[in-house]
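Q: Pasting input_17.txt here (compact mmCIF, C-alpha atoms and all ligand atoms):
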```txt
# COMPACT_ATOMS: atom_id res chain seq x y z
CA MET A 1 103.94 114.52 97.93
CA SER A 2 102.53 112.49 95.02
CA ASP A 3 99.41 110.43 95.57
CA VAL A 4 101.35 107.16 95.70
CA GLU A 5 103.45 108.23 98.63
CA PHE A 6 102.52 107.60 102.22
CA ASN A 7 104.11 109.13 105.28
CA LYS A 8 103.96 105.87 107.14
CA ILE A 9 103.16 102.36 105.94
CA ALA A 10 102.70 99.60 108.52
CA LEU A 11 103.25 95.99 107.51
CA VAL A 12 101.68 93.41 109.80
CA GLY A 13 103.26 90.04 108.96
CA ILE A 14 106.69 89.99 107.34
CA GLY A 15 106.91 86.65 105.56
CA LEU A 16 107.28 86.10 101.81
CA ILE A 17 104.61 88.67 100.87
CA GLY A 18 105.14 91.21 103.69
CA SER A 19 108.91 91.27 103.17
CA SER A 20 108.52 91.57 99.39
CA LEU A 21 106.26 94.56 100.02
CA ALA A 22 108.82 96.08 102.42
CA ARG A 23 111.59 95.70 99.85
CA ALA A 24 109.50 97.05 96.96
CA ILE A 25 108.15 100.01 99.00
CA ALA A 26 111.68 100.98 100.02
CA GLU A 27 113.04 100.57 96.52
CA LYS A 28 110.28 102.73 95.01
CA GLY A 29 110.45 105.30 97.83
CA LEU A 30 106.75 105.00 98.60
CA ALA A 31 106.93 105.77 102.32
CA LYS A 32 108.99 107.85 104.70
CA GLU A 33 108.48 105.27 107.45
CA ILE A 34 107.96 101.51 107.16
CA ALA A 35 106.81 100.04 110.48
CA ILE A 36 107.09 96.28 110.71
CA SER A 37 105.41 93.91 113.09
CA THR A 38 105.19 90.15 113.34
CA ARG A 39 104.07 87.85 116.12
CA SER A 40 107.34 85.98 116.80
CA GLU A 41 110.52 87.44 118.23
CA ALA A 42 112.63 85.36 115.84
CA THR A 43 110.96 86.68 112.67
CA LEU A 44 111.04 90.25 113.98
CA ALA A 45 114.76 89.93 114.73
CA ARG A 46 115.37 88.56 111.23
CA ALA A 47 113.41 91.44 109.65
CA ARG A 48 115.58 93.85 111.61
CA GLU A 49 118.78 92.07 110.50
CA LEU A 50 117.61 92.30 106.90
CA GLY A 51 116.87 96.01 107.37
CA LEU A 52 113.35 95.66 105.98
CA GLY A 53 111.82 98.65 107.77
CA THR A 54 112.43 101.83 109.70
CA SER A 55 110.88 100.55 112.95
CA TYR A 56 110.14 97.11 114.40
CA HIS A 57 107.28 96.23 116.77
CA ALA A 58 106.35 93.13 118.71
CA SER A 59 102.81 94.55 118.86
CA ALA A 60 100.84 95.08 115.65
CA ARG A 61 98.79 97.71 117.46
CA ASP A 62 101.93 99.79 118.10
CA ALA A 63 103.08 99.41 114.50
CA VAL A 64 99.85 100.75 112.94
CA ARG A 65 99.68 103.91 115.09
CA ASP A 66 99.73 106.97 112.76
CA ALA A 67 100.09 104.79 109.66
CA ASP A 68 98.39 106.04 106.47
CA LEU A 69 98.44 102.59 104.92
CA VAL A 70 98.34 99.27 106.79
CA ILE A 71 98.85 96.00 104.92
CA VAL A 72 98.14 92.76 106.76
CA SER A 73 100.08 89.78 105.35
CA VAL A 74 99.27 86.84 107.63
CA PRO A 75 97.54 83.48 106.99
CA VAL A 76 93.88 84.20 106.18
CA GLY A 77 92.63 82.39 109.30
CA ALA A 78 94.46 84.94 111.46
CA SER A 79 92.96 88.06 109.78
CA GLY A 80 90.08 88.56 112.22
CA ALA A 81 92.29 88.44 115.31
CA VAL A 82 94.77 90.88 113.74
CA ALA A 83 91.94 93.29 112.78
CA ALA A 84 90.54 93.20 116.33
CA ASP A 85 94.00 93.86 117.73
CA ILE A 86 94.93 96.84 115.50
CA ALA A 87 91.47 98.50 115.35
CA PRO A 88 91.82 100.78 118.42
CA ALA A 89 95.09 102.28 117.11
CA LEU A 90 94.07 102.95 113.50
CA LYS A 91 94.27 106.56 112.36
CA PRO A 92 91.09 108.05 110.89
CA GLY A 93 91.51 108.27 107.11
CA ALA A 94 93.97 105.35 107.00
CA ILE A 95 93.67 102.64 104.37
CA VAL A 96 93.74 99.08 105.72
CA SER A 97 94.31 96.30 103.22
CA ASP A 98 95.51 92.72 103.15
CA VAL A 99 97.06 90.24 100.73
CA GLY A 100 95.15 87.08 101.67
CA SER A 101 94.47 84.41 99.07
CA THR A 102 90.75 84.25 99.91
CA LYS A 103 88.62 87.38 100.00
CA ALA A 104 85.01 86.89 101.20
CA SER A 105 86.22 85.29 104.45
CA VAL A 106 88.87 87.97 105.06
CA ILE A 107 86.31 90.75 104.52
CA SER A 108 83.85 89.14 106.92
CA GLN A 109 86.61 88.65 109.50
CA MET A 110 88.21 92.12 109.25
CA LYS A 111 85.61 94.67 108.16
CA PRO A 112 83.39 94.52 111.27
CA HIS A 113 86.37 95.63 113.39
CA MET A 114 87.18 98.70 111.27
CA PRO A 115 86.40 102.01 113.02
CA ASP A 116 84.42 104.72 111.20
CA GLY A 117 86.64 106.80 108.94
CA VAL A 118 89.07 103.95 108.23
CA HIS A 119 89.03 102.69 104.64
CA PHE A 120 89.13 98.91 104.48
CA ILE A 121 89.89 97.60 100.97
CA ALA A 122 90.83 93.93 100.66
CA GLY A 123 93.38 92.83 98.08
CA HIS A 124 95.28 89.84 96.74
CA PRO A 125 98.52 90.00 94.78
CA VAL A 126 98.45 86.95 92.51
CA ALA A 127 102.17 86.46 92.90
CA GLY A 128 104.19 84.15 95.08
CA THR A 129 106.59 81.28 95.39
CA GLU A 130 106.69 78.06 97.41
CA TYR A 131 109.06 79.69 99.95
CA SER A 132 108.09 81.42 103.21
CA GLY A 133 109.49 83.89 105.70
CA PRO A 134 111.31 87.23 105.48
CA ASP A 135 114.33 85.80 103.66
CA ALA A 136 112.14 84.53 100.83
CA GLY A 137 110.84 87.93 99.71
CA PHE A 138 112.18 90.04 96.86
CA ALA A 139 111.33 93.49 95.53
CA THR A 140 110.34 92.40 92.02
CA LEU A 141 107.81 89.76 93.13
CA PHE A 142 104.81 91.85 92.03
CA GLU A 143 106.17 93.08 88.70
CA GLY A 144 104.00 92.08 85.77
CA ARG A 145 101.69 90.11 88.09
CA TRP A 146 98.04 90.82 88.77
CA CYS A 147 96.80 92.29 92.01
CA ILE A 148 93.06 91.88 92.56
CA LEU A 149 91.28 94.43 94.75
CA THR A 150 87.87 93.48 96.14
CA PRO A 151 86.38 96.71 97.50
CA THR A 152 82.95 96.41 99.08
CA PRO A 153 80.19 98.57 97.51
CA ASP A 154 80.55 101.21 100.26
CA ALA A 155 84.30 101.73 99.61
CA ASP A 156 85.43 105.27 98.80
CA PRO A 157 86.47 105.29 95.10
CA VAL A 158 89.21 107.85 95.81
CA GLN A 159 90.86 105.53 98.33
CA VAL A 160 90.43 102.52 96.03
CA ALA A 161 92.19 104.51 93.28
CA ARG A 162 94.98 105.36 95.74
CA LEU A 163 95.51 101.70 96.61
CA ARG A 164 95.35 100.76 92.93
CA HIS A 165 98.03 103.34 92.18
CA PHE A 166 100.18 101.95 95.01
CA TRP A 167 100.12 98.44 93.52
CA GLU A 168 100.68 99.77 90.00
CA THR A 169 103.78 101.56 91.26
CA LEU A 170 105.05 98.20 92.55
CA GLY A 171 104.69 96.95 88.97
CA SER A 172 101.39 95.11 89.32
CA LEU A 173 98.49 95.03 86.92
CA VAL A 174 95.39 95.81 88.96
CA GLU A 175 91.86 94.48 88.55
CA GLU A 176 88.80 95.03 90.72
CA MET A 177 86.10 92.43 91.28
CA ASP A 178 83.72 91.36 94.00
CA ALA A 179 85.03 89.02 96.65
CA GLU A 180 82.77 86.08 95.77
CA HIS A 181 83.86 86.20 92.15
CA HIS A 182 87.52 86.42 93.20
CA ASP A 183 87.09 83.31 95.36
CA LYS A 184 85.60 81.32 92.46
CA VAL A 185 88.29 82.39 90.00
CA LEU A 186 91.10 81.67 92.45
CA ALA A 187 89.56 78.33 93.40
CA ILE A 188 90.19 77.07 89.87
CA VAL A 189 93.44 78.88 88.99
CA SER A 190 95.23 78.52 92.31
CA HIS A 191 93.49 76.57 95.04
CA LEU A 192 92.56 73.48 93.01
CA PRO A 193 96.03 73.13 91.42
CA HIS A 194 97.58 73.22 94.90
CA ILE A 195 95.10 70.66 96.27
CA ILE A 196 95.71 68.36 93.28
CA ALA A 197 99.47 68.74 93.77
CA TYR A 198 99.26 67.98 97.50
CA ASN A 199 97.12 64.97 96.65
CA ILE A 200 99.29 63.49 93.90
CA VAL A 201 102.49 63.94 95.88
CA GLY A 202 100.79 62.36 98.90
CA THR A 203 99.56 59.44 96.77
CA ALA A 204 103.05 58.83 95.34
CA GLU A 205 104.49 58.84 98.84
CA ASP A 206 101.91 56.30 100.01
CA LEU A 207 102.39 53.86 97.09
CA GLU A 208 103.63 50.46 98.10
CA THR A 209 104.63 49.08 94.69
CA VAL A 210 106.90 52.00 93.75
CA THR A 211 109.60 52.99 96.20
CA GLU A 212 110.09 56.55 97.35
CA SER A 213 113.58 56.57 95.90
CA GLU A 214 112.15 55.64 92.48
CA VAL A 215 109.61 58.48 92.71
CA ILE A 216 112.43 60.91 93.35
CA LYS A 217 114.86 59.37 90.85
CA TYR A 218 112.45 59.51 87.91
CA SER A 219 110.62 62.68 88.96
CA ALA A 220 111.79 64.72 85.94
CA SER A 221 109.20 62.88 83.86
CA GLY A 222 106.41 65.06 85.27
CA PHE A 223 106.05 64.45 89.01
CA ARG A 224 108.54 67.13 90.04
CA ASP A 225 106.41 69.89 88.49
CA PHE A 226 103.72 69.09 91.07
CA THR A 227 106.21 69.11 93.94
CA ARG A 228 106.82 72.86 93.66
CA LEU A 229 103.15 73.53 94.48
CA ALA A 230 103.06 70.75 97.07
CA ALA A 231 106.02 72.34 98.88
CA SER A 232 103.98 75.48 99.65
CA ASP A 233 103.38 76.59 103.22
CA PRO A 234 101.09 74.13 105.05
CA VAL A 235 99.56 76.77 107.36
CA MET A 236 98.73 79.12 104.50
CA TRP A 237 97.14 76.31 102.46
CA ARG A 238 95.24 74.81 105.38
CA ASP A 239 93.71 78.25 105.91
CA VAL A 240 92.93 78.74 102.20
CA CYS A 241 91.05 75.41 102.14
CA LEU A 242 89.10 76.22 105.29
CA HIS A 243 88.29 79.79 104.21
CA ASN A 244 87.29 79.22 100.59
CA LYS A 245 85.42 76.01 101.29
CA ASP A 246 82.33 76.51 99.10
CA ALA A 247 84.13 77.61 95.93
CA ILE A 248 86.79 74.90 96.34
CA LEU A 249 84.18 72.17 96.86
CA GLU A 250 82.28 73.37 93.78
CA MET A 251 85.45 73.27 91.63
CA LEU A 252 86.50 69.91 93.11
CA SER A 253 83.18 68.38 92.15
CA ARG A 254 83.55 69.66 88.56
CA PHE A 255 87.11 68.34 88.56
CA SER A 256 86.01 64.88 89.79
CA GLU A 257 83.36 64.65 87.05
CA ASP A 258 85.90 65.56 84.37
CA LEU A 259 88.40 63.11 85.81
CA ALA A 260 85.77 60.35 85.67
CA TYR A 261 85.23 61.22 81.98
CA LEU A 262 88.97 60.87 81.36
CA GLN A 263 89.09 57.63 83.32
CA ARG A 264 86.28 56.23 81.20
CA ALA A 265 87.95 57.33 77.95
CA ILE A 266 91.15 55.54 78.99
CA ARG A 267 89.25 52.39 80.06
CA TRP A 268 87.32 52.18 76.76
CA GLY A 269 90.25 53.11 74.55
CA GLU A 270 88.57 56.31 73.32
CA GLY A 271 91.73 57.90 71.90
CA ASP A 272 89.83 60.62 70.04
CA LYS A 273 88.45 62.00 73.32
CA LEU A 274 91.90 61.98 74.90
CA PHE A 275 93.45 63.63 71.84
CA GLU A 276 90.76 66.34 71.73
CA LEU A 277 91.26 67.25 75.42
CA PHE A 278 95.06 67.20 75.27
CA THR A 279 94.99 69.48 72.19
CA ARG A 280 92.66 71.96 73.88
CA THR A 281 94.82 72.15 77.01
CA ARG A 282 97.97 72.77 74.99
CA ASP A 283 96.36 75.96 73.68
CA VAL A 284 95.84 77.18 77.27
CA ARG A 285 99.60 76.94 77.87
CA ARG A 286 100.23 78.97 74.71
CA SER A 287 97.80 81.67 75.89
CA ILE A 288 99.54 81.95 79.27
CA ILE A 289 102.88 82.52 77.53
CA GLU A 290 101.30 85.07 75.16
CA ALA A 291 99.85 86.92 78.19
CA GLY A 292 103.38 87.22 79.67
CA GLN A 293 102.49 85.08 82.70
CA ASP A 294 105.22 82.51 81.97
CA VAL A 295 108.29 82.04 79.79
CA ALA A 296 108.22 80.06 76.54
CA ALA A 297 111.56 78.34 77.27
CA PRO A 298 111.25 74.52 77.23
CA ASN A 299 110.72 72.87 80.60
CA PHE A 300 110.18 76.22 82.40
CA GLY A 301 113.65 77.34 81.25
CA ARG A 302 115.49 74.61 83.17
CA TYR A 303 117.66 73.98 80.11
CA PRO A 304 119.50 76.67 78.19
CA GLU A 305 117.48 77.98 75.23
CA LYS A 306 118.66 76.67 71.88
P1 LIG A 401 104.72 83.52 105.38
O1 LIG A 401 105.94 83.75 104.57
O2 LIG A 401 104.54 82.18 106.04
O3 LIG A 401 104.62 84.65 106.51
C1 LIG A 401 103.51 84.68 107.37
C2 LIG A 401 103.57 85.90 108.29
O4 LIG A 401 102.37 85.86 109.08
C3 LIG A 401 104.72 85.89 109.28
O5 LIG A 401 105.07 87.22 109.61
C4 LIG A 401 104.11 85.18 110.48
O6 LIG A 401 104.66 85.57 111.73
C5 LIG A 401 102.70 85.72 110.46
N1 LIG A 401 101.75 84.80 111.09
C6 LIG A 401 101.64 83.46 110.91
N2 LIG A 401 100.61 82.98 111.64
C7 LIG A 401 100.08 84.03 112.30
C8 LIG A 401 99.02 84.16 113.23
N3 LIG A 401 98.28 83.10 113.60
N4 LIG A 401 98.75 85.39 113.73
C9 LIG A 401 99.48 86.47 113.34
N5 LIG A 401 100.50 86.41 112.48
C10 LIG A 401 100.80 85.20 111.97
O7 LIG A 401 103.38 83.74 104.53
P2 LIG A 401 103.16 84.51 103.14
O8 LIG A 401 103.48 83.56 102.03
O9 LIG A 401 103.80 85.84 103.20
O10 LIG A 401 101.56 84.64 103.15
C11 LIG A 401 100.93 85.70 103.82
C12 LIG A 401 99.55 85.92 103.21
O11 LIG A 401 99.72 86.16 101.82
C13 LIG A 401 98.60 84.73 103.33
O12 LIG A 401 97.32 85.18 103.66
C14 LIG A 401 98.58 84.14 101.94
O13 LIG A 401 97.30 83.57 101.66
C15 LIG A 401 98.84 85.37 101.08
N6 LIG A 401 99.48 85.09 99.78
C16 LIG A 401 100.53 84.21 99.72
C17 LIG A 401 101.12 83.96 98.48
C18 LIG A 401 102.26 82.95 98.37
O14 LIG A 401 102.56 82.47 97.27
N7 LIG A 401 102.92 82.60 99.46
C19 LIG A 401 100.70 84.64 97.34
C20 LIG A 401 99.68 85.58 97.46
C21 LIG A 401 99.07 85.80 98.70
P3 LIG A 401 105.84 84.82 112.48
O15 LIG A 401 106.84 84.36 111.45
O16 LIG A 401 106.39 85.89 113.37
O17 LIG A 401 105.23 83.67 113.21
```
Let's see the structure in the file written out as structure tokens.
Ligand code: NAP
A:
Amino acid sequence: MSDVEFNKIALVGIGLIGSSLARAIAEKGLAKEIAISTRSEATLARARELGLGTSYHASARDAVRDADLVIVSVPVGASGAVAADIAPALKPGAIVSDVGSTKASVISQMKPHMPDGVHFIAGHPVAGTEYSGPDAGFATLFEGRWCILTPTPDADPVQVARLRHFWETLGSLVEEMDAEHHDKVLAIVSHLPHIIAYNIVGTAEDLETVTESEVIKYSASGFRDFTRLAASDPVMWRDVCLHNKDAILEMLSRFSEDLAYLQRAIRWGEGDKLFELFTRTRDVRRSIIEAGQDVAAPNFGRYPEK
């Protein structure tokens, strides 16, 4: 058996991320057994219909028994309760990881429950869509996307390397960093954009002088690009905000200061300041395309390329 293969992988939570993992693990032949568990009967039945695993469990504790790798893919606010539930059934030597969008909070919720001999290594695939549930997943979700591992200083480097190799086999680029740094980076690249999107879409909906039908009718002028983010799962994003509070508040305060600067430049007709900022930000878009994290096609490829 190569070092990326596991006899049994248990997936706790089988929504967008869990079901993408199930599909990718099966496609790459990374496990002999894929045990699936989720809290609701309906989602478990759907996972079974989709044939996402080799066994299906209403109890997470049953699913993780004898597993060599356990990946928890539930909203971050539920991580502690899941860890407490599965802890008594974890096999010594098993790796337990997660995919949560915030890391310091998940580590503080899960790690204290881990029995001796179990390797807990938190992780976050920086890949997703605005859709949820087991139907939303697909095997290629992680290809060419970053997965950030946030091992604590006491983590066994051999097991970290094993988990790294697992994600690389799914097509991810893997980086390691400490959890606090992860939370700051993600606050600006992911959490703030979602909060801004939720806010702007909420503001447009509340406007009294512009009707909702006008907002929708003319949305192609910019508004609709925010609606993709603002359509993301409310439970997941409520939990992200509550569990990365400090880093998000720090970034929001920077954002508010910069917005006030922009507001002032518009009020005083300072076109040079506006031009300088808008030129700088255009370069960021170019860099993202050069890094292979988006396509260069106009309007996100909505129109055929010329
Ligand atoms: P999802 O599609 O909504 O699926 C959530 C899964 O968690 C379902 O199996 C659900 O079970 C279960 N669940 C929900 N609440 C729970 C609770 N209180 N206790 C136990 N299980 C619960 O979510 P997802 O998009 O896969 O997100 C899962 C994790 O991945 C989150 O921590 C999120 O931060 C992280 N993440 C998401 C993205 C993204 O773009 N969506 C990207 C990277 C990381 P039932 O359906 O049976 O209720």
Q: Kindly provide the residues of chain A that approach ligand LIG 401 (chain A) to within 6 Å, each paired with its closest atom pair and their distance in Å to one decimal, based on only C-alpha atoms and all ligand atoms, listed by chain and increasing number, as a tab-separated table.
A:
```
residue	atom	partner	partner_atom	distance
A:Gly13	CA	A:LIG401	O5	3.4
A:Ile14	CA	A:LIG401	O5	3.9
A:Gly15	CA	A:LIG401	O3	3.2
A:Leu16	CA	A:LIG401	O9	3.8
A:Ile17	CA	A:LIG401	O9	3.8
A:Gly18	CA	A:LIG401	O9	5.6
A:Thr38	CA	A:LIG401	O16	4.4
A:Arg39	CA	A:LIG401	O16	4.1
A:Ser40	CA	A:LIG401	O16	3.6
A:Thr43	CA	A:LIG401	O16	4.7
A:Ser73	CA	A:LIG401	C11	4.4
A:Val74	CA	A:LIG401	O4	3.6
A:Pro75	CA	A:LIG401	O12	3.7
A:Val76	CA	A:LIG401	O12	4.4
A:Ala78	CA	A:LIG401	N3	4.7
A:Val99	CA	A:LIG401	O11	5.0
A:Gly100	CA	A:LIG401	O12	3.5
A:Ser101	CA	A:LIG401	O13	3.9
A:His124	CA	A:LIG401	C21	5.9
A:Pro125	CA	A:LIG401	C20	5.3
A:Val126	CA	A:LIG401	C20	5.3
A:Ala127	CA	A:LIG401	C19	5.0
A:Gly128	CA	A:LIG401	O14	3.2
A:Thr129	CA	A:LIG401	O14	4.6
A:Ser132	CA	A:LIG401	O1	3.4
A:Gly133	CA	A:LIG401	O1	3.7
A:Met236	CA	A:LIG401	O13	5.5
```
Q: Could you please take those selected residues and save C-alpha atoms as an mmCIF file, keeping the file's coordinate frame?
A:
```
data_model
loop_
_atom_site.group_PDB
_atom_site.id
_atom_site.type_symbol
_atom_site.label_atom_id
_atom_site.label_comp_id
_atom_site.auth_asym_id
_atom_site.auth_seq_id
_atom_site.Cartn_x
_atom_site.Cartn_y
_atom_site.Cartn_z
ATOM 1 C CA GLY A 13 103.260 90.040 108.960
ATOM 2 C CA ILE A 14 106.690 89.990 107.340
ATOM 3 C CA GLY A 15 106.910 86.650 105.560
ATOM 4 C CA LEU A 16 107.280 86.100 101.810
ATOM 5 C CA ILE A 17 104.610 88.670 100.870
ATOM 6 C CA GLY A 18 105.140 91.210 103.690
ATOM 7 C CA THR A 38 105.190 90.150 113.340
ATOM 8 C CA ARG A 39 104.070 87.850 116.120
ATOM 9 C CA SER A 40 107.340 85.980 116.800
ATOM 10 C CA THR A 43 110.960 86.680 112.670
ATOM 11 C CA SER A 73 100.080 89.780 105.350
ATOM 12 C CA VAL A 74 99.270 86.840 107.630
ATOM 13 C CA PRO A 75 97.540 83.480 106.990
ATOM 14 C CA VAL A 76 93.880 84.200 106.180
ATOM 15 C CA ALA A 78 94.460 84.940 111.460
ATOM 16 C CA VAL A 99 97.060 90.240 100.730
ATOM 17 C CA GLY A 100 95.150 87.080 101.670
ATOM 18 C CA SER A 101 94.470 84.410 99.070
ATOM 19 C CA HIS A 124 95.280 89.840 96.740
ATOM 20 C CA PRO A 125 98.520 90.000 94.780
ATOM 21 C CA VAL A 126 98.450 86.950 92.510
ATOM 22 C CA ALA A 127 102.170 86.460 92.900
ATOM 23 C CA GLY A 128 104.190 84.150 95.080
ATOM 24 C CA THR A 129 106.590 81.280 95.390
ATOM 25 C CA SER A 132 108.090 81.420 103.210
ATOM 26 C CA GLY A 133 109.490 83.890 105.700
ATOM 27 C CA MET A 236 98.730 79.120 104.500
#
```
Q: Do you know which residues are at most 9 Å from Leu69 of chain A counting only C-alpha atoms, after dropping those on the same chain fewer than 3 positions away, and could you put them as a PyMOL selection string?
A: chain A and resi 6-11+64+94-97+163
Q: Please compute the atom CA of Ile148 of chain A-atom CA of Val174 of chain A distance, one decimal, in Å.
A: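 Computed distance, atom CA of Ile148 of chain A to atom CA of Val174 of chain A, equals 5.8 Å.
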Q: Have a look at A:His194, A:Lys91, A:Arg238, A:Arg162 and name the one nearest to Glu5 of chain A; count only C-alpha atoms.
A: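 Of A:His194, A:Lys91, A:Arg238, A:Arg162, the one nearest Glu5 of chain A, counting only C-alpha atoms, is A:Arg162.
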Q: Need to verify the contact set: Val82 of chain A, 9 Å, all atoms listed in the file, exclusion of same-chain residues closer than 3 positions in sequence. Can you return it as a list in words?
A: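 The residues that qualify are Val12, Ala60, Arg61, Val72, Val74, Ala78, Ser79, Asp85, Ile86, Ala87 and Met110 of chain A.
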Q: Rank A:His243, A:Ala161, A:Tyr218, A:Ala67 by their smallest atom-to-atom distance to Ser108 of chain A, using only C-alpha atoms, and report the top residue only.
A: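 Comparing A:His243, A:Ala161, A:Tyr218, A:Ala67 against Ser108 of chain A, the winner is A:His243.
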